[in-house]
Each structure stands twice: as structure tokens, then as C-alpha cells.
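A.B. asks: Structure file data33.pdb (PDB, C-alpha atoms and all ligand atoms) is given on the next line.
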ATOM      1  CA  MET U  50       7.401   8.173  -8.819
ATOM      2  CA  ALA U  51       6.401  10.521 -11.525
ATOM      3  CA  LEU U  52       7.921  10.303 -14.960
ATOM      4  CA  LYS U  53      10.603  12.947 -15.405
ATOM      5  CA  LEU U  54      10.276  13.418 -19.146
ATOM      6  CA  VAL U  55      12.740  15.653 -20.987
ATOM      7  CA  SER U  56      11.226  16.680 -24.311
ATOM      8  CA  ARG U  57      13.303  16.941 -27.467
ATOM      9  CA  SER U  58      13.222  20.720 -27.320
ATOM     10  CA  GLN U  59      14.335  20.594 -23.677
ATOM     11  CA  TRP U  60      17.488  18.627 -24.478
ATOM     12  CA  GLY U  61      18.071  20.596 -27.670
ATOM     13  CA  ALA U  62      17.461  17.874 -30.263
ATOM     14  CA  ARG U  63      18.186  18.508 -33.906
ATOM     15  CA  ALA U  64      15.216  18.049 -36.233
ATOM     16  CA  TYR U  65      14.977  14.472 -37.500
ATOM     17  CA  LEU U  66      15.310  13.734 -41.201
ATOM     18  CA  THR U  67      12.258  12.946 -43.265
ATOM     19  CA  PRO U  68      10.730  10.812 -44.493
ATOM     20  CA  ASN U  69      12.571   7.999 -42.618
ATOM     21  CA  GLY U  70      12.675   9.688 -39.229
ATOM     22  CA  ALA U  71       8.913  10.111 -39.344
ATOM     23  CA  THR U  72       8.115   6.430 -39.992
ATOM     24  CA  PRO U  73       5.350   5.397 -37.594
ATOM     25  CA  TYR U  74       4.972   1.959 -36.028
ATOM     26  CA  SER U  75       2.649  -0.187 -38.075
ATOM     27  CA  GLY U  76       1.096  -1.886 -35.010
ATOM     28  CA  PRO U  77       1.323  -1.990 -31.230
ATOM     29  CA  ARG U  78       4.658  -2.925 -29.610
ATOM     30  CA  ARG U  79       5.206  -6.328 -27.976
ATOM     31  CA  GLY U  80       7.154  -4.650 -25.168
ATOM     32  CA  VAL U  81      10.354  -2.798 -24.332
ATOM     33  CA  LYS U  82      14.008  -3.611 -24.999
ATOM     34  CA  LEU U  83      16.715  -2.123 -22.813
ATOM     35  CA  HIS U  84      20.052  -0.851 -24.111
ATOM     36  CA  TYR U  85      23.270   0.471 -22.628
ATOM     37  CA  LEU U  86      25.973   2.595 -24.172
ATOM     38  CA  GLY U  87      28.532  -0.162 -24.669
ATOM     39  CA  THR U  88      31.327   2.405 -24.364
ATOM     40  CA  PRO U  89      33.177   3.766 -21.334
ATOM     41  CA  TYR U  90      30.938   6.106 -19.380
ATOM     42  CA  SER U  91      31.438   8.071 -16.210
ATOM     43  CA  ASP U  92      28.708   9.688 -14.155
ATOM     44  CA  ARG U  93      28.405  13.449 -14.425
ATOM     45  CA  PRO U  94      26.229  16.287 -13.176
ATOM     46  CA  HIS U  95      22.770  16.360 -14.707
ATOM     47  CA  GLU U  96      23.550  19.745 -16.289
ATOM     48  CA  GLN U  97      25.773  17.799 -18.704
ATOM     49  CA  CYS U  98      23.229  15.106 -19.633
ATOM     50  CA  ALA U  99      21.477  17.088 -22.383
ATOM     51  CA  ALA U 100      24.805  17.684 -24.118
ATOM     52  CA  TYR U 101      25.565  13.969 -23.907
ATOM     53  CA  ILE U 102      22.232  13.069 -25.531
ATOM     54  CA  ARG U 103      22.892  15.645 -28.284
ATOM     55  CA  GLN U 104      26.250  13.979 -28.884
ATOM     56  CA  LEU U 105      24.568  10.558 -29.186
ATOM     57  CA  GLN U 106      22.119  11.995 -31.672
ATOM     58  CA  ALA U 107      25.001  13.478 -33.687
ATOM     59  CA  GLN U 108      26.787  10.095 -33.748
ATOM     60  CA  HIS U 109      23.666   8.353 -34.968
ATOM     61  CA  MET U 110      22.857  10.954 -37.615
ATOM     62  CA  ASP U 111      26.321  11.961 -38.803
ATOM     63  CA  GLY U 112      28.211   8.747 -38.006
ATOM     64  CA  ASN U 113      25.634   6.024 -38.712
ATOM     65  CA  GLY U 114      23.712   8.038 -41.289
ATOM     66  CA  TRP U 115      20.415   7.551 -39.440
ATOM     67  CA  SER U 116      17.553  10.020 -39.586
ATOM     68  CA  ASP U 117      17.554  10.658 -35.822
ATOM     69  CA  ILE U 118      18.854   9.329 -32.521
ATOM     70  CA  GLY U 119      18.090   5.607 -32.646
ATOM     71  CA  TYR U 120      16.466   5.103 -29.233
ATOM     72  CA  SER U 121      12.877   5.684 -28.253
ATOM     73  CA  PHE U 122      13.983   7.092 -24.899
ATOM     74  CA  ALA U 123      17.255   7.587 -23.007
ATOM     75  CA  VAL U 124      17.421   7.477 -19.214
ATOM     76  CA  CYS U 125      20.263   9.306 -17.457
ATOM     77  CA  THR U 126      21.706   8.367 -14.083
ATOM     78  CA  HIS U 127      19.509  11.028 -12.474
ATOM     79  CA  GLY U 128      16.345   9.274 -13.581
ATOM     80  CA  TYR U 129      15.382  11.702 -16.365
ATOM     81  CA  VAL U 130      13.761  10.158 -19.427
ATOM     82  CA  HIS U 131      14.896  11.939 -22.585
ATOM     83  CA  GLU U 132      12.540  11.656 -25.523
ATOM     84  CA  GLY U 133      14.250  10.179 -28.576
ATOM     85  CA  ARG U 134      11.948   8.869 -31.272
ATOM     86  CA  GLY U 135       9.266   8.705 -28.631
ATOM     87  CA  LEU U 136       6.099   6.667 -28.616
ATOM     88  CA  LYS U 137       4.958   7.043 -32.225
ATOM     89  CA  ARG U 138       8.049   7.031 -34.453
ATOM     90  CA  ARG U 139       9.753   3.710 -35.085
ATOM     91  CA  ASN U 140      13.134   3.363 -33.370
ATOM     92  CA  SER U 141      16.264   2.220 -35.201
ATOM     93  CA  ALA U 142      18.200   0.753 -32.264
ATOM     94  CA  ASN U 143      17.112  -2.882 -31.995
ATOM     95  CA  GLY U 144      19.122  -4.267 -34.918
ATOM     96  CA  ASN U 145      16.774  -4.493 -37.890
ATOM     97  CA  THR U 146      13.410  -3.275 -39.071
ATOM     98  CA  THR U 147      11.528  -6.291 -37.732
ATOM     99  CA  LEU U 148      13.063  -5.899 -34.279
ATOM    100  CA  ASN U 149      12.565  -2.138 -34.360
ATOM    101  CA  GLU U 150       8.893  -2.693 -35.121
ATOM    102  CA  GLN U 151       8.577  -5.274 -32.372
ATOM    103  CA  ASP U 152       9.683  -3.378 -29.250
ATOM    104  CA  TYR U 153      10.490   0.074 -27.997
ATOM    105  CA  ALA U 154      14.188   0.798 -27.427
ATOM    106  CA  VAL U 155      15.038   2.369 -24.077
ATOM    107  CA  LEU U 156      18.660   3.338 -23.456
ATOM    108  CA  MET U 157      20.178   3.578 -20.016
ATOM    109  CA  LEU U 158      23.241   5.792 -19.777
ATOM    110  CA  VAL U 159      25.387   2.974 -18.404
ATOM    111  CA  GLY U 160      28.813   2.114 -19.760
ATOM    112  CA  SER U 161      30.817  -1.001 -20.563
ATOM    113  CA  THR U 162      33.447   0.395 -18.177
ATOM    114  CA  GLY U 163      33.303   3.167 -15.617
ATOM    115  CA  LEU U 164      29.682   3.437 -14.546
ATOM    116  CA  THR U 165      28.527  -0.112 -15.333
ATOM    117  CA  LYS U 166      25.625  -0.429 -12.890
ATOM    118  CA  PRO U 167      22.546   1.768 -13.102
ATOM    119  CA  THR U 168      21.867   4.122 -10.213
ATOM    120  CA  ASP U 169      18.694   3.725  -8.154
ATOM    121  CA  GLU U 170      17.302   6.911  -9.706
ATOM    122  CA  GLN U 171      18.074   5.515 -13.124
ATOM    123  CA  LEU U 172      16.246   2.258 -12.355
ATOM    124  CA  HIS U 173      13.238   4.300 -11.285
ATOM    125  CA  GLY U 174      13.522   6.368 -14.473
ATOM    126  CA  ALA U 175      13.752   3.272 -16.666
ATOM    127  CA  ARG U 176      10.789   1.741 -14.850
ATOM    128  CA  ASP U 177       8.888   4.994 -15.396
ATOM    129  CA  ALA U 178       9.765   4.853 -19.103
ATOM    130  CA  ILE U 179       8.576   1.237 -19.363
ATOM    131  CA  GLU U 180       5.280   2.076 -17.685
ATOM    132  CA  TYR U 181       4.894   5.121 -19.930
ATOM    133  CA  CYS U 182       5.428   2.944 -23.025
ATOM    134  CA  ARG U 183       2.885   0.419 -21.796
ATOM    135  CA  LYS U 184       0.264   2.990 -20.897
ATOM    136  CA  GLU U 185       0.691   5.474 -23.716
ATOM    137  CA  GLY U 186       2.412   3.435 -26.457
ATOM    138  CA  PRO U 187       0.834   1.009 -26.342
ATOM    139  CA  ALA U 188       3.385  -1.661 -25.519
ATOM    140  CA  GLY U 189       2.713  -5.150 -24.169
ATOM    141  CA  ASP U 190       4.255  -6.674 -21.058
ATOM    142  CA  TRP U 191       7.273  -8.217 -22.746
ATOM    143  CA  LEU U 192      10.635  -7.045 -21.392
ATOM    144  CA  GLY U 193      14.123  -7.856 -22.559
ATOM    145  CA  GLY U 194      17.441  -6.588 -23.781
ATOM    146  CA  HIS U 195      18.975  -5.734 -27.126
ATOM    147  CA  ARG U 196      20.753  -9.127 -26.964
ATOM    148  CA  ASP U 197      17.431 -10.982 -27.140
ATOM    149  CA  GLY U 198      17.240 -12.091 -30.744
ATOM    150  CA  TYR U 199      20.312 -10.132 -31.822
ATOM    151  CA  ALA U 200      24.048 -10.849 -31.425
ATOM    152  CA  THR U 201      25.279  -8.159 -29.038
ATOM    153  CA  ALA U 202      26.475  -7.774 -25.452
ATOM    154  CA  CYS U 203      23.975  -4.925 -25.031
ATOM    155  CA  PRO U 204      22.517  -4.024 -22.527
ATOM    156  CA  GLY U 205      25.401  -5.374 -20.394
ATOM    157  CA  ASP U 206      25.043  -7.941 -17.628
ATOM    158  CA  SER U 207      23.828  -5.599 -14.933
ATOM    159  CA  VAL U 208      20.974  -4.006 -16.887
ATOM    160  CA  TYR U 209      20.124  -7.364 -18.439
ATOM    161  CA  ALA U 210      19.825  -9.090 -15.051
ATOM    162  CA  TRP U 211      17.551  -6.277 -13.898
ATOM    163  CA  VAL U 212      15.256  -6.445 -16.893
ATOM    164  CA  GLN U 213      15.181 -10.255 -16.699
ATOM    165  CA  ALA U 214      13.997  -9.885 -13.108
ATOM    166  CA  GLY U 215      11.045  -7.856 -14.390
ATOM    167  CA  ALA U 216      12.617  -4.379 -14.071
ATOM    168  CA  PRO U 217      11.685  -3.912 -10.398
ATOM    169  CA  ARG U 218      11.944  -0.570  -8.661
ATOM    170  CA  PRO U 219      14.898  -0.489  -6.283
ATOM    171  CA  LYS U 220      14.045  -1.066  -2.647
ATOM    172  CA  ALA U 221      13.781   2.218  -0.805
ATOM    173  CA  SER U 222      16.171   2.652   2.065
ATOM    174  CA  THR U 223      13.422   2.272   4.640
ATOM    175  CA  PRO U 224      12.865   5.477   6.582
ATOM    176  CA  GLU U 225      11.825   3.385   9.609
ATOM    177  CA  GLU U 226      15.242   1.806   9.766
ATOM    178  CA  ALA U 227      17.097   4.904   8.789
ATOM    179  CA  THR U 228      15.575   7.024  11.542
ATOM    180  CA  VAL U 229      15.628   4.650  14.501
ATOM    181  CA  ALA U 230      17.359   7.283  16.580
ATOM    182  CA  LEU U 231      14.702   9.634  17.952
ATOM    183  CA  SER U 232      15.551  13.274  18.218
ATOM    184  CA  ASP U 233      15.588  14.542  21.788
ATOM    185  CA  ASP U 234      12.480  16.574  21.091
ATOM    186  CA  ASP U 235      10.586  13.565  19.749
ATOM    187  CA  ALA U 236      11.722  11.404  22.640
ATOM    188  CA  LYS U 237      10.407  14.004  25.083
ATOM    189  CA  LYS U 238       7.067  14.062  23.273
ATOM    190  CA  VAL U 239       6.851  10.275  23.493
ATOM    191  CA  ALA U 240       7.755  10.356  27.168
ATOM    192  CA  LYS U 241       5.191  13.034  27.919
ATOM    193  CA  ALA U 242       2.454  11.175  26.047
ATOM    194  CA  THR U 243       3.132   7.830  27.682
ATOM    195  CA  LEU U 244       3.370   9.373  31.128
ATOM    196  CA  THR U 245      -0.273  10.315  30.945
ATOM    197  CA  ILE U 246      -1.647   7.048  29.558
ATOM    198  CA  ASP U 247      -4.889   6.005  31.194
ATOM    199  CA  GLY U 248      -4.761   9.125  33.365
ATOM    200  CA  VAL U 249      -3.534   6.995  36.254
ATOM    201  CA  ILE U 250       0.215   6.849  35.860
ATOM    202  CA  ALA U 251       2.251   9.682  37.235
ATOM    203  CA  ASN U 252       5.881  10.230  36.425
ATOM    204  CA  PRO U 253       7.662   9.545  39.719
ATOM    205  CA  ASN U 254      10.025  12.388  38.934
ATOM    206  CA  PRO U 255       8.816  14.721  36.186
ATOM    207  CA  ALA U 256      12.022  16.745  36.374
ATOM    208  CA  THR U 257      13.946  13.832  34.887
ATOM    209  CA  ALA U 258      11.891  14.054  31.717
ATOM    210  CA  LYS U 259      13.428  17.439  31.039
ATOM    211  CA  LYS U 260      16.951  16.611  32.141
ATOM    212  CA  ASN U 261      17.460  13.107  30.915
ATOM    213  CA  THR U 262      15.445  11.708  28.046
ATOM    214  CA  HIS U 263      16.796   8.174  28.504
ATOM    215  CA  ILE U 264      15.693   7.954  32.116
ATOM    216  CA  SER U 265      12.288   9.414  31.321
ATOM    217  CA  LEU U 266      11.854   6.959  28.427
ATOM    218  CA  ALA U 267      12.771   4.062  30.725
ATOM    219  CA  THR U 268      10.185   5.333  33.171
ATOM    220  CA  ALA U 269       7.638   5.638  30.393
ATOM    221  CA  ALA U 270       8.324   2.084  29.256
ATOM    222  CA  ARG U 271       7.827   0.847  32.817
ATOM    223  CA  ASN U 272       4.606   2.784  33.110
ATOM    224  CA  ILE U 273       3.326   1.201  29.929
ATOM    225  CA  GLU U 274       4.111  -2.171  31.458
ATOM    226  CA  ILE U 275       2.063  -1.238  34.540
ATOM    227  CA  VAL U 276      -0.893  -0.157  32.400
ATOM    228  CA  THR U 277      -0.626  -3.375  30.404
ATOM    229  CA  ARG U 278      -0.523  -5.560  33.500
ATOM    230  CA  ARG U 279      -3.521  -3.707  34.966
ATOM    231  CA  THR U 280      -5.453  -4.232  31.752
ATOM    232  CA  GLU U 281      -4.592  -7.911  31.680
ATOM    233  CA  THR U 282      -5.658  -8.222  35.298
ATOM    234  CA  ARG U 283      -8.972  -6.484  34.629
ATOM    235  CA  LEU U 284      -9.637  -8.819  31.726
ATOM    236  CA  ALA U 285      -8.851 -11.833  33.897
ATOM    237  CA  ALA U 286     -11.174 -10.518  36.592
ATOM    238  CA  LEU U 287     -13.924  -9.972  34.029
ATOM    239  CA  GLN U 288     -13.519 -13.555  32.901
ATOM    240  CA  ALA U 289     -13.816 -14.604  36.534
ATOM    241  CA  THR U 290     -17.012 -12.554  36.734
ATOM    242  CA  VAL U 291     -18.510 -14.395  33.855
ATOM    243  CA  ASP U 292     -17.499 -17.758  35.306
ATOM    244  CA  LYS U 293     -18.912 -16.856  38.681
ATOM    245  CA  LEU U 294     -22.201 -15.632  37.192
ATOM    246  CA  VAL U 295     -22.538 -18.793  35.207
ATOM    247  CA  SER U 296     -21.928 -20.934  38.298
ATOM    248  CA  LEU U 297     -24.463 -18.910  40.315
ATOM    249  CA  ILE U 298     -27.269 -19.091  37.837
ATOM    250  CA  GLY U 299     -30.226 -20.646  39.589
ATOM    251  CA  SER U 300     -28.542 -20.720  43.006
ATOM    252  CA  GLY U 301     -30.678 -17.920  44.432
ATOM    253  CA  VAL U 302     -27.848 -15.407  45.031
ATOM    254  CA  ASP U 303     -28.936 -11.899  43.954
ATOM    255  CA  THR U 304     -27.093 -10.045  41.192
ATOM    256  CA  LYS U 305     -26.026  -7.101  43.377
ATOM    257  CA  THR U 306     -24.089  -9.342  45.702
ATOM    258  CA  VAL U 307     -22.321 -11.013  42.808
ATOM    259  CA  VAL U 308     -21.396  -7.696  41.180
ATOM    260  CA  ALA U 309     -20.095  -6.261  44.444
ATOM    261  CA  ALA U 310     -17.972  -9.342  45.032
ATOM    262  CA  VAL U 311     -16.554  -9.217  41.538
ATOM    263  CA  GLU U 312     -15.816  -5.487  41.743
ATOM    264  CA  LYS U 313     -13.916  -6.054  44.949
ATOM    265  CA  ALA U 314     -11.990  -8.896  43.325
ATOM    266  CA  ILE U 315     -11.004  -6.625  40.439
ATOM    267  CA  ALA U 316      -9.930  -3.812  42.774
ATOM    268  CA  ASP U 317      -7.872  -6.227  44.877
ATOM    269  CA  ALA U 318      -6.237  -7.678  41.758
ATOM    270  CA  VAL U 319      -5.241  -4.250  40.450
ATOM    271  CA  ILE U 320      -3.808  -3.207  43.812
ATOM    272  CA  LYS U 321      -1.818  -6.419  43.887
ATOM    273  CA  VAL U 322      -0.429  -5.729  40.407
ATOM    274  CA  ASP U 323       0.572  -2.224  41.433
ATOM    275  CA  ILE U 324       2.466  -3.599  44.412
ATOM    276  CA  ASP U 325       4.107  -6.256  42.244
ATOM    277  CA  VAL U 326       5.149  -3.865  39.514
ATOM    278  CA  THR U 327       5.942  -0.668  41.347
ATOM    279  CA  GLY U 328       7.332  -2.124  44.543
ATOM    280  CA  PRO U 329      11.057  -2.227  45.293
ATOM    281  CA  GLY U 330      12.981  -4.788  43.296
ATOM    282  CA  ALA U 331      10.404  -5.049  40.542
ATOM    283  CA  SER U 332      11.859  -5.255  37.079
TER     284      SER U 332
HETATM  285 ZN    ZN M 401      21.687  -1.840 -27.617
HETATM  286 ZN    ZN M 402      20.955  13.399 -15.877
END
What is this file in C-alpha cells?

C.D. replies:
Amino acid sequence: MALKLVSRSQWGARAYLTPNGATPYSGPRRGVKLHYLGTPYSDRPHEQCAAYIRQLQAQHMDGNGWSDIGYSFAVCTHGYVHEGRGLKRRNSANGNTTLNEQDYAVLMLVGSTGLTKPTDEQLHGARDAIEYCRKEGPAGDWLGGHRDGYATACPGDSVYAWVQAGAPRPKASTPEEATVALSDDDAKKVAKATLTIDGVIANPNPATAKKNTHISLATAARNIEIVTRRTETRLAALQATVDKLVSLIGSGVDTKTVVAAVEKAIADAVIKVDIDVTGPGAS
């Protein structure tokens, strides 16, 4: 998953105040701290996310008197990572200067009521942000929440449990499971392919493949079983060949006779399997 970074100009950030807003980190970061909004929040179309981030910035600058939005990055429910103070400028969200120096501050747009659990896209976005901080920051492996070392409920229980678990990417809804049902076209392709396995199996009624996919698939499955049984039988016969050759070593019987006998045994075995499997009443 590629980082979906929204630059300050893309979300329409106001210029930060100097000199405070330009304060760089004095050393590398230990890791990343997660935050949530701590206010009611409801999900909304992504077209409205930039405006929401601008509003947060306004609160921090005009309400708190800060020099910029406090967070390093802010991740919306659509997985976009909005650049706040970014990688180089020290955040002001972790509680005090020491804590701000220590870790990056990544906000997830998750509320105390309303939308209280991050979306899957948002978890991916936050994971992307963490990896970005580690790779480009640099930040160390440490992960935690605002509440670590500071008295606050932030980042809420849901985000905190996730970050405590190592901020894993959400499990993908597995396409294999989601698409168990074959389309008719695919099923026909499978049937056609299996009907010609080994070049020896013929569809007893090719017309059914066109008319009724289920019947043709059942036929195909049975044909695979026949091929499998034939293969097993051939292997068993080959083993018998080896055994027989071993027992005949030194007995004066010539190789041609042995081979002919073994070939006949294999042919007989395969015919027997065909009768067993394809005969009436076989299952
Ligand atoms: Zn916080
Ligand atoms: Zn969004």
C-alpha cells in the first residue's frame, strides 16, 4: 500500500508562525505516538476532509495559540495522510516539549463518540504514516499512544489497542474466499481444460458442457479421478517392475522378457481401473 500523502498546500494549510513553528527536532525520534480527536466525529466524504484539517489547524493556532497544527500527520478515514508539522518540524501534540521531542504525533480522525473505531483504510493510512516516519524521519520502532507518559484518554481504547498490538495492517478480505462462486464462463473454461487432461479422457457428452455447467463440472471432477487412479496404478506397476527386476537379478531371465511382462501388467492394471471407475455403479 502506497502512502497517500496530502501536502500542506493540497489541504490548504495556513502558513505556520515563526520562529516557533519552524523549530526542528534536536535528534532522531524514539518512535510514533497515536492520537484521536477526543470529540464527537462522524465519517464524511473525503471531499470534506481537507476542510476538517483546516479547522483543526485554526483551533490550534487561534484557540490554543500554537504556531501551527499540533500533529505531525493526520490520517482521515479514507487512508489519506495529511502533512501537519511533517518529518522535520517538532510537533506540539504530545503534551510537553520533552514528549514532543521524543516521538512523532500521528492523529487519526476518530472520535470519542460517533466514529470511534478506525476504518480499514485508515489503519492502512496510519501504518503507512508510521513506516514513512521510520524510513524518512528517522523514527525508531517504539509505538504508543498519547496516554503513554501523559494523563489523557487519547488515543481512545480502539486506537490504543491497535497500536499496542504493533499497529498491524487489517486483514484483507481474502479474494479466494470472496470469489468462491465461479462465473459460468470460468466454470466452462475449467470444464473444458479438465476434459482434455492427459489427452485420454473424453467428455461422455460434450453437449452438456454447454448446457449445464454443473453437470459438466461433475463430469470433469470424475475424469480427474480417473486420471489420478490411472497414475497411481502406473506408479504401483512401476514399483512392481523394480521389485521384479531385483528378484530376477542373476536368475538368467533376459531383460526383454521382464519388460514385456511388466508392460502387460501395467496395461492390465490400467484397463482394470477404467472398468472400476467408469463402469456402471462406480462413484
Ligand atoms: Zn492526543
Ligand atoms: Zn478523507

A.B. asks: List as number ranges by chain the protein and nucleic acid residues near Ala175 (chain U), meaning an atom at most 12 Å away when all atoms listed in the file are counted, but skip any in the same chain fewer than 3 places from it.

C.D. replies: U: 50-54, 81-85, 121-131, 154-159, 167-172, 178-182, 192, 208, 211-212, 215-219

A.B. asks: What is the distance between CA of Gly114 (chain U) and CA of Asp197 (chain U), in Å to one decimal?

C.D. replies: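 Result for CA of Gly114 (chain U) versus CA of Asp197 (chain U): 24.5 Å, one decimal.
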
A.B. asks: So what do you get for CA of Asp234 (chain U) versus CA of Thr277 (chain U), distance-wise?

C.D. replies: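 Rounded to one decimal, the two atoms are 25.6 Å apart.
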
A.B. asks: Exactly which residues make up the result of the PyMOL selection byres (((chain U and resi 99) around 12) and not hetatm) on this file, given as a PyMOL selection string?

C.D. replies: chain U and resi 55-62+93-98+100-106+123-125+127+129-133+158

A.B. asks: Counting only C-alpha atoms and all ligand atoms, which residue out of U:Pro68, U:Gly174, U:Gly160, U:Gly186 sits closest to ligand ZN 402 (chain M)?

C.D. replies: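 Of all the options, U:Gly174 lies closest to ligand ZN 402 (chain M).
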
A.B. asks: At what distance in Å, to one decimal, does CA of Met110 (chain U) lie from CA of Ala188 (chain U)?

C.D. replies: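 Straight-line distance from CA of Ala188 (chain U) to CA of Met110 (chain U) works out to 26.2 Å.
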
A.B. asks: List as a list in words the protein and nucleic acid residues near Thr282 (chain U), meaning an atom at most 7 Å away when all atoms listed in the file are counted, but skip any in the same chain fewer than 3 places from it.

C.D. replies: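 The residues that qualify are Arg278, Arg279, Ala285, Ala286, Ala318 and Val319 of chain U.
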
A.B. asks: Compare U:Arg196, U:Gly135, U:Thr280, U:Tyr65 by their minimum atom-to-atom distance to Leu148 (chain U), counting all atoms listed in the file, and give me the closest one.

C.D. replies: U:Arg196

A.B. asks: May I have the residues within 6 Å of Asn149 (chain U) as a list in words, using only C-alpha atoms and disregarding those fewer than 5 positions away in the same chain?

C.D. replies: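 Close residues of Asn149 (chain U): Asn140, Ser141 and Asn143 of chain U.
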
A.B. asks: Measuring atom to atom with only C-alpha atoms, identify which of U:Arg134, U:Arg183, U:Arg176, U:Lys166 is nearest to Gly205 (chain U).

C.D. replies: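 Result for the nearest residue to Gly205 (chain U): U:Lys166.
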
A.B. asks: Can you work out which one of U:Ala316, U:Ala200, U:Ala289, U:Ala221 has the shortest atom-to-atom distance to ligand ZN 401 (chain M), counting only C-alpha atoms and all ligand atoms?

C.D. replies: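 Closest residue, counting only C-alpha atoms and all ligand atoms: U:Ala200.
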
A.B. asks: U:Gly163, U:Gly194, U:Gly76, U:Gly112: which is nearest ligand ZN 401 (chain M), counting all atoms listed in the file?

C.D. replies: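 Nearest to ligand ZN 401 (chain M): U:Gly194.
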